[in-house]
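Novice: I am sharing data-v1.cif, which consists of mmCIF, C-alpha atoms:
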```
data_data
loop_
_atom_site.label_atom_id
_atom_site.label_comp_id
_atom_site.auth_asym_id
_atom_site.auth_seq_id
_atom_site.Cartn_x
_atom_site.Cartn_y
_atom_site.Cartn_z
CA MET W 4 1.68 -13.67 12.17
CA ASN W 5 -2.03 -12.82 12.31
CA GLU W 6 -3.97 -10.56 10.00
CA SER W 7 -7.22 -8.66 10.08
CA ALA W 8 -9.12 -6.17 7.98
CA LEU W 9 -7.22 -3.02 7.07
CA GLU W 10 -8.99 0.24 6.35
CA ILE W 11 -6.99 2.77 4.37
CA SER W 12 -8.78 6.06 4.06
CA PRO W 13 -7.53 9.57 3.25
CA PRO W 14 -8.16 12.58 5.52
CA ARG W 15 -11.56 14.13 5.00
CA ARG W 16 -11.69 16.67 2.21
CA ALA W 17 -13.20 19.20 4.62
CA PHE W 18 -9.92 19.26 6.55
CA LEU W 19 -8.00 19.71 3.29
CA TYR W 20 -10.04 22.80 2.39
CA VAL W 21 -9.85 24.19 5.92
CA PHE W 22 -6.05 23.93 5.98
CA LEU W 23 -5.78 25.35 2.46
CA ILE W 24 -8.03 28.36 3.06
CA THR W 25 -6.58 29.05 6.50
CA GLY W 26 -3.03 28.92 5.11
CA ILE W 27 -3.86 31.40 2.35
CA ILE W 28 -5.56 33.78 4.78
CA LEU W 29 -2.65 33.67 7.22
CA LEU W 30 -0.13 34.26 4.45
CA LEU W 31 -2.03 37.25 3.11
CA ASN W 32 -2.42 38.65 6.61
CA GLY W 33 1.28 38.23 7.35
CA PHE W 34 2.34 39.89 4.09
CA ALA W 35 -0.11 42.74 4.70
CA VAL W 36 1.26 43.37 8.19
CA LEU W 37 4.91 43.00 7.21
CA PHE W 38 5.07 44.85 3.89
CA PHE W 39 2.03 47.09 3.49
CA ALA W 40 1.25 48.37 6.99
CA PRO W 41 4.46 50.53 7.20
CA ILE W 42 3.56 52.44 3.99
CA PRO W 43 2.63 56.06 4.83
CA ARG W 44 -1.09 56.69 4.56
CA SER W 45 -1.06 60.54 4.85
CA PRO W 46 0.45 63.01 2.37
CA ASN W 47 2.00 64.85 5.32
CA THR W 48 3.96 61.73 6.32
CA LEU W 49 7.30 61.64 4.53
CA GLN W 50 8.76 58.46 6.08
CA PRO W 51 7.02 55.26 7.16
CA ALA W 52 7.27 54.44 10.83
CA PRO W 53 10.25 52.21 11.62
CA LEU W 54 9.46 48.54 12.11
CA THR W 55 9.73 47.45 15.70
CA HIS W 56 10.67 43.96 16.87
CA THR W 57 7.07 43.31 17.89
CA PHE W 58 5.77 44.52 14.55
CA GLY W 59 8.10 42.14 12.68
CA LEU W 60 6.92 39.18 14.70
CA GLY W 61 3.36 40.20 13.96
CA GLY W 62 4.13 39.77 10.27
CA TRP W 63 6.35 36.71 10.25
CA MET W 64 4.32 34.57 12.65
CA PRO W 65 1.18 34.50 10.44
CA ILE W 66 3.39 33.75 7.43
CA LEU W 67 5.01 30.82 9.25
CA ALA W 68 1.63 29.54 10.42
CA GLY W 69 0.27 29.89 6.89
CA LEU W 70 3.16 27.91 5.44
CA LEU W 71 2.54 25.16 8.01
CA CYS W 72 -1.14 25.03 7.07
CA LEU W 73 -0.30 24.86 3.36
CA GLY W 74 2.21 22.09 4.12
CA GLY W 75 -0.53 20.17 5.92
CA ALA W 76 -2.87 20.67 2.98
CA GLY W 77 -0.17 19.38 0.62
CA TRP W 78 0.32 16.27 2.79
CA MET W 79 -3.44 15.60 2.77
CA LEU W 80 -3.62 16.03 -1.01
CA ASN W 81 -0.72 13.60 -1.47
CA ARG W 82 -2.42 11.07 0.84
CA HIS W 83 -5.60 11.36 -1.22
CA ARG W 84 -3.61 10.53 -4.34
CA GLN W 85 -1.90 7.56 -2.65
CA VAL W 86 -5.19 6.06 -1.49
CA ALA W 87 -6.76 6.60 -4.91
CA ARG W 88 -3.82 4.76 -6.52
CA ILE W 89 -4.18 1.84 -4.09
CA ALA W 90 -7.93 1.62 -4.73
CA GLU W 91 -7.29 1.66 -8.48
CA LEU W 92 -4.84 -1.25 -8.22
CA VAL W 93 -7.08 -3.28 -5.93
CA HIS W 94 -10.18 -2.93 -8.09
CA ALA W 95 -8.50 -3.25 -11.48
CA ASP W 96 -9.48 -6.42 -13.35
CA LEU W 97 -7.22 -9.45 -13.42
CA PRO W 98 -7.16 -12.10 -16.19
CA ARG W 99 -9.85 -14.72 -15.88
CA SER W 100 -9.22 -18.18 -14.52
CA GLY W 101 -6.70 -20.07 -16.64
CA VAL W 102 -7.24 -23.59 -17.98
CA THR W 103 -4.26 -23.71 -20.36
CA PRO W 104 -0.54 -23.25 -19.65
CA GLU W 105 -0.61 -19.91 -21.50
CA SER W 106 -3.61 -18.53 -19.63
CA ARG W 107 -2.28 -19.74 -16.28
CA ASN W 108 1.10 -18.10 -16.92
CA ARG W 109 -0.72 -14.92 -17.97
CA LEU W 110 -2.62 -14.91 -14.69
CA LEU W 111 0.50 -15.57 -12.60
CA SER W 112 2.40 -12.78 -14.39
CA ALA W 113 -0.47 -10.36 -13.80
CA LEU W 114 -0.57 -11.28 -10.11
CA ILE W 115 3.18 -10.72 -9.73
CA GLU W 116 3.02 -7.35 -11.49
CA ARG W 117 -0.01 -6.21 -9.50
CA THR W 118 1.47 -7.16 -6.14
CA SER W 119 4.72 -5.38 -7.02
CA LEU W 120 2.81 -2.19 -7.83
CA LEU W 121 0.75 -2.53 -4.66
CA GLN W 122 3.81 -2.97 -2.47
CA THR W 123 5.27 0.23 -3.92
CA ALA W 124 2.01 2.12 -3.38
CA LEU W 125 1.70 0.79 0.18
CA VAL W 126 5.12 1.98 1.36
CA PRO W 127 3.47 4.77 3.46
CA PHE W 128 1.35 2.08 5.16
CA PRO W 129 3.84 -0.36 6.76
CA GLN W 130 1.02 -2.20 8.57
CA ALA W 131 -0.43 -3.37 5.24
CA LEU W 132 0.06 -6.98 4.14
CA VAL W 133 -0.39 -7.97 0.48
CA SER W 134 -1.58 -11.53 -0.08
CA ILE W 135 -2.16 -13.71 -3.13
CA SER W 136 -4.64 -16.58 -3.04
CA LEU W 137 -4.29 -19.30 -5.70
CA ARG W 138 -7.01 -21.94 -6.12
CA PHE W 139 -6.39 -24.92 -8.36
CA GLY W 140 -7.56 -28.43 -8.95
CA GLU W 141 -10.69 -29.44 -7.11
CA ILE W 142 -9.95 -28.23 -3.56
CA HIS W 143 -6.34 -27.11 -3.21
CA ARG W 144 -5.27 -23.61 -2.29
CA LEU W 145 -1.96 -21.78 -1.94
CA ASP W 146 -1.99 -18.51 0.05
CA LEU W 147 1.07 -16.28 -0.26
CA ASP W 148 1.86 -13.35 2.07
CA LEU W 149 4.38 -10.92 0.60
CA ALA W 150 6.62 -9.00 2.98
CA SER W 151 8.01 -5.55 2.20
CA THR W 152 11.52 -7.08 2.09
CA GLY W 153 10.50 -9.27 -0.85
CA SER W 154 10.31 -12.55 1.06
CA VAL W 155 7.15 -14.65 0.79
CA SER W 156 5.48 -16.97 3.29
CA GLY W 157 3.02 -19.56 2.01
CA ARG W 158 0.27 -21.84 3.29
CA PHE W 159 -0.73 -24.82 1.16
CA SER W 160 -3.94 -26.70 2.00
CA PRO W 161 -5.60 -29.11 2.37
CA ILE W 162 -3.20 -32.00 2.77
CA ASP W 163 -3.21 -35.55 4.01
CA ARG W 164 -0.32 -37.52 5.47
CA LYS W 165 0.83 -38.88 2.11
CA LEU W 166 0.74 -35.49 0.39
CA GLY W 167 2.54 -33.82 3.29
CA LYS W 168 5.41 -36.32 3.10
CA ALA W 169 5.68 -35.90 -0.68
CA ILE W 170 5.98 -32.12 -0.44
CA ASP W 171 8.37 -32.35 2.50
CA ARG W 172 10.75 -34.38 0.30
CA VAL W 173 11.00 -31.68 -2.37
CA SER W 174 10.80 -28.48 -0.29
CA GLU W 175 11.79 -27.38 3.19
CA CYS W 176 8.52 -26.79 5.01
CA VAL W 177 6.52 -27.27 8.20
CA VAL W 178 3.85 -29.96 7.90
CA LEU W 179 0.79 -29.47 10.12
CA ASN W 180 -2.41 -31.48 10.37
CA ASP W 181 -4.19 -30.01 7.36
CA GLU W 182 -1.76 -27.52 5.83
CA ILE W 183 1.87 -26.89 5.01
CA LEU W 184 3.82 -23.73 5.92
CA VAL W 185 6.72 -22.76 3.70
CA ASP W 186 8.94 -19.68 3.27
CA PHE W 187 10.41 -18.41 0.00
CA THR W 188 13.09 -15.87 -0.77
CA ASN W 189 10.92 -14.18 -3.39
CA ALA W 190 7.70 -14.53 -5.39
CA ALA W 191 9.45 -16.36 -8.24
CA LYS W 192 10.47 -19.17 -5.86
CA ALA W 193 6.89 -19.38 -4.62
CA PHE W 194 5.58 -19.90 -8.13
CA GLU W 195 8.29 -22.51 -8.77
CA PHE W 196 6.91 -24.35 -5.72
CA PHE W 197 3.42 -24.05 -7.22
CA GLN W 198 4.60 -25.55 -10.51
CA THR W 199 6.31 -28.43 -8.70
CA VAL W 200 3.26 -29.24 -6.59
CA THR W 201 0.77 -29.12 -9.45
CA THR W 202 2.93 -30.97 -11.99
CA ASP W 203 5.14 -33.42 -10.11
CA ILE W 204 3.19 -34.13 -6.92
CA LEU W 205 -0.53 -33.64 -7.56
CA ARG W 206 -0.09 -34.52 -11.25
CA LEU W 207 -3.03 -32.38 -12.26
CA PRO W 208 -4.34 -32.72 -15.84
CA PRO W 209 -3.06 -30.20 -18.43
CA ASP W 210 -6.41 -28.39 -18.44
CA PHE W 211 -6.71 -27.86 -14.67
CA GLU W 212 -8.26 -24.54 -13.70
CA LEU W 213 -6.29 -21.87 -11.85
CA SER W 214 -7.88 -18.80 -10.30
CA GLY W 215 -6.22 -16.09 -8.26
CA SER W 216 -7.03 -13.00 -6.25
CA ILE W 217 -5.21 -10.29 -4.32
CA ARG W 218 -6.19 -8.82 -0.99
CA ILE W 219 -4.79 -6.34 1.49
CA SER W 220 -5.01 -6.95 5.23
CA ARG W 221 -3.52 -5.58 8.43
CA ARG W 222 -0.21 -7.05 9.50
CA HIS W 223 0.06 -8.05 13.16
CA THR W 224 3.31 -9.30 14.63
CA THR W 225 3.32 -11.31 17.82
CA ASN W 226 6.23 -11.12 20.20
#
```
As structure tokens, how would this structure be written, given the file I've shared?

Specialist:
Amino acid sequence: MNESALEISPPRRAFLYVFLITGIILLLNGFAVLFFAPIPRSPNTLQPAPLTHTFGLGGWMPILAGLLCLGGAGWMLNRHRQVARIAELVHADLPRSGVTPESRNRLLSALIERTSLLQTALVPFPQALVSISLRFGEIHRLDLDLASTGSVSGRFSPIDRKLGKAIDRVSECVVLNDEILVDFTNAAKAFEFFQTVTTDILRLPPDFELSGSIRISRRHTTN
């Protein structure tokens, strides 16, 4: 699976106003033709002219077109709200880097909550891929890609031959030259793997620093 930059932008507001104004005008025109045009205009006219088939279509067609335009304007307004919500989640602050067990757990919990909210907000954008990047120790990094089904794929790097064998003994994975690929059933399992690597394998000191970030990219599947 490859990934690239993903641009999520709402329709231009000019189109929203055009659809909204056009829909209102068409509705008013349709109602005027259908309900007000048959009203007698002269005192000598006792009965309004009967509506013909063509006259009825002349009233209902603008009403239908107006409803379609208003529906399009409603879709655009909803898309604006969805994009604004995504931008709010992406740019909202996360806890600072953690150097104690409490602060690291606080950061991990915030990352899990934020990615869950993002996945919900990104349902209308199936091409979006939410990723978490964890940096810890001096050089190590764990990148997690979260699928819409809840499964998680991870890349742990850098590794050497000794570290790769140690991780392979405790977790089912694919060991490459400088990184390890591993799949998890959910985010909780991924963070269990992180705890195992940092505590039992790397044996990092209690005050090791953990930082994390979230990004959204374009999902590309290769056949």

Novice: Could you list the residues chosen by the PyMOL selection byres ((chain W and resi 33) around 7) in this structure as a ChimeraX atom specification?

Specialist: /W:29-32,34-37,62-63,65-66

Novice: Applying 9 Å and all atoms listed in the file, which residues near Gly153 of chain W remain after dropping the ones on its own chain fewer than 5 positions away? List them as a ChimeraX atom specification.

Specialist: /W:188-190

Novice: Kindly resolve the PyMOL selection byres ((chain W and resi 166) around 12) on the present coordinates and return the residues as a VMD selection string.

Specialist: chain W and resid 143 159 to 165 167 to 173 178 to 183 200 to 201 203 to 206

Novice: Quick one: of W:Pro209, W:Gly157, W:Pro129, W:Gly26, who's nearest to Gly77 of chain W, counting all atoms listed in the file?

Specialist: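 Answer, going by the shortest atom-to-atom distance: W:Gly26.
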
Novice: Give me the box for segment 87-95 of chain W as lines of an AutoDock Vina configuration file, namely the centre and edge lengths in Å to one decimal of a box along x, y and z that holds every listed atom plus 3 Å on each side.

Specialist:
```
center_x = -7.0
center_y = 1.7
center_z = -7.8
size_x = 12.4
size_y = 15.9
size_z = 13.4
```

Novice: Which residues would end up in the selection if the PyMOL selection byres ((chain W and resi 99) around 8) were applied here, given that I need the answer as a ChimeraX atom specification?

Specialist: /W:97-98,100-101,110,214

Novice: Of the candidates W:Ala90, W:Leu23, W:Ala17, W:Leu80, which shows the shortest atom-to-atom distance to Arg218 of chain W, using all atoms listed in the file?

Specialist: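 Selected residue with least distance to Arg218 of chain W: W:Ala90.
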
Novice: W:Ala113, W:Ile142, W:Ile28, W:Val177: which is nearest Leu73 of chain W, counting only C-alpha atoms?

Specialist: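 That would be W:Ile28, the residue with the smallest distance to Leu73 of chain W.
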
Novice: For atom CA of Ser174 of chain W and atom CA of Val102 of chain W, quote the distance in Å rounded to one decimal.

Specialist: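 Result for atom CA of Ser174 of chain W versus atom CA of Val102 of chain W: 25.7 Å, one decimal.
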
Novice: Using only C-alpha atoms, find the one residue out of W:Thr25, W:Thr199, W:Ser216, W:Thr118 that sits nearest to Ala76 of chain W.

Specialist: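 Of W:Thr25, W:Thr199, W:Ser216, W:Thr118, the one nearest Ala76 of chain W is W:Thr25, counting only C-alpha atoms.
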
Novice: In Å to one decimal, how far is atom CA of Arg158 of chain W from atom CA of Arg144 of chain W?

Specialist: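 For atom CA of Arg144 of chain W relative to atom CA of Arg158 of chain W, the distance reads 8.1 Å.
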
Novice: Which distance in Å separates atom CA of Phe187 of chain W and atom CA of Glu105 of chain W, to one decimal?

Specialist: 24.2 Å

Novice: My list of candidates is W:Leu70, W:Ile219, W:Leu137, W:Leu145. Which is closest to Ala124 of chain W when distances are computed with all atoms listed in the file?

Specialist: W:Ile219

Novice: Within 8 Å of Val93 of chain W, counting only C-alpha atoms, which residues qualify if same-chain residues fewer than 4 places away don't, as a VMD selection string?

Specialist: chain W and resid 89 121 217 to 218

Novice: Near Gln122 of chain W, within 10 Å and counting all atoms listed in the file, which residues show up once chain neighbours fewer than 4 positions away are dropped, as a list in words?

Specialist: Ile89, Arg117, Thr118, Val126, Pro127, Phe128, Pro129, Ala131, Leu132, Val133, Leu149, Ala150, Ser151, Thr152 and Gly153 of chain W

Novice: Determine the nearest neighbour of Leu111 of chain W from the options W:Phe18, W:Trp78, W:Phe194, W:Phe139, counting all atoms listed in the file.

Specialist: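 Comparing W:Phe18, W:Trp78, W:Phe194, W:Phe139 against Leu111 of chain W, the winner is W:Phe194.
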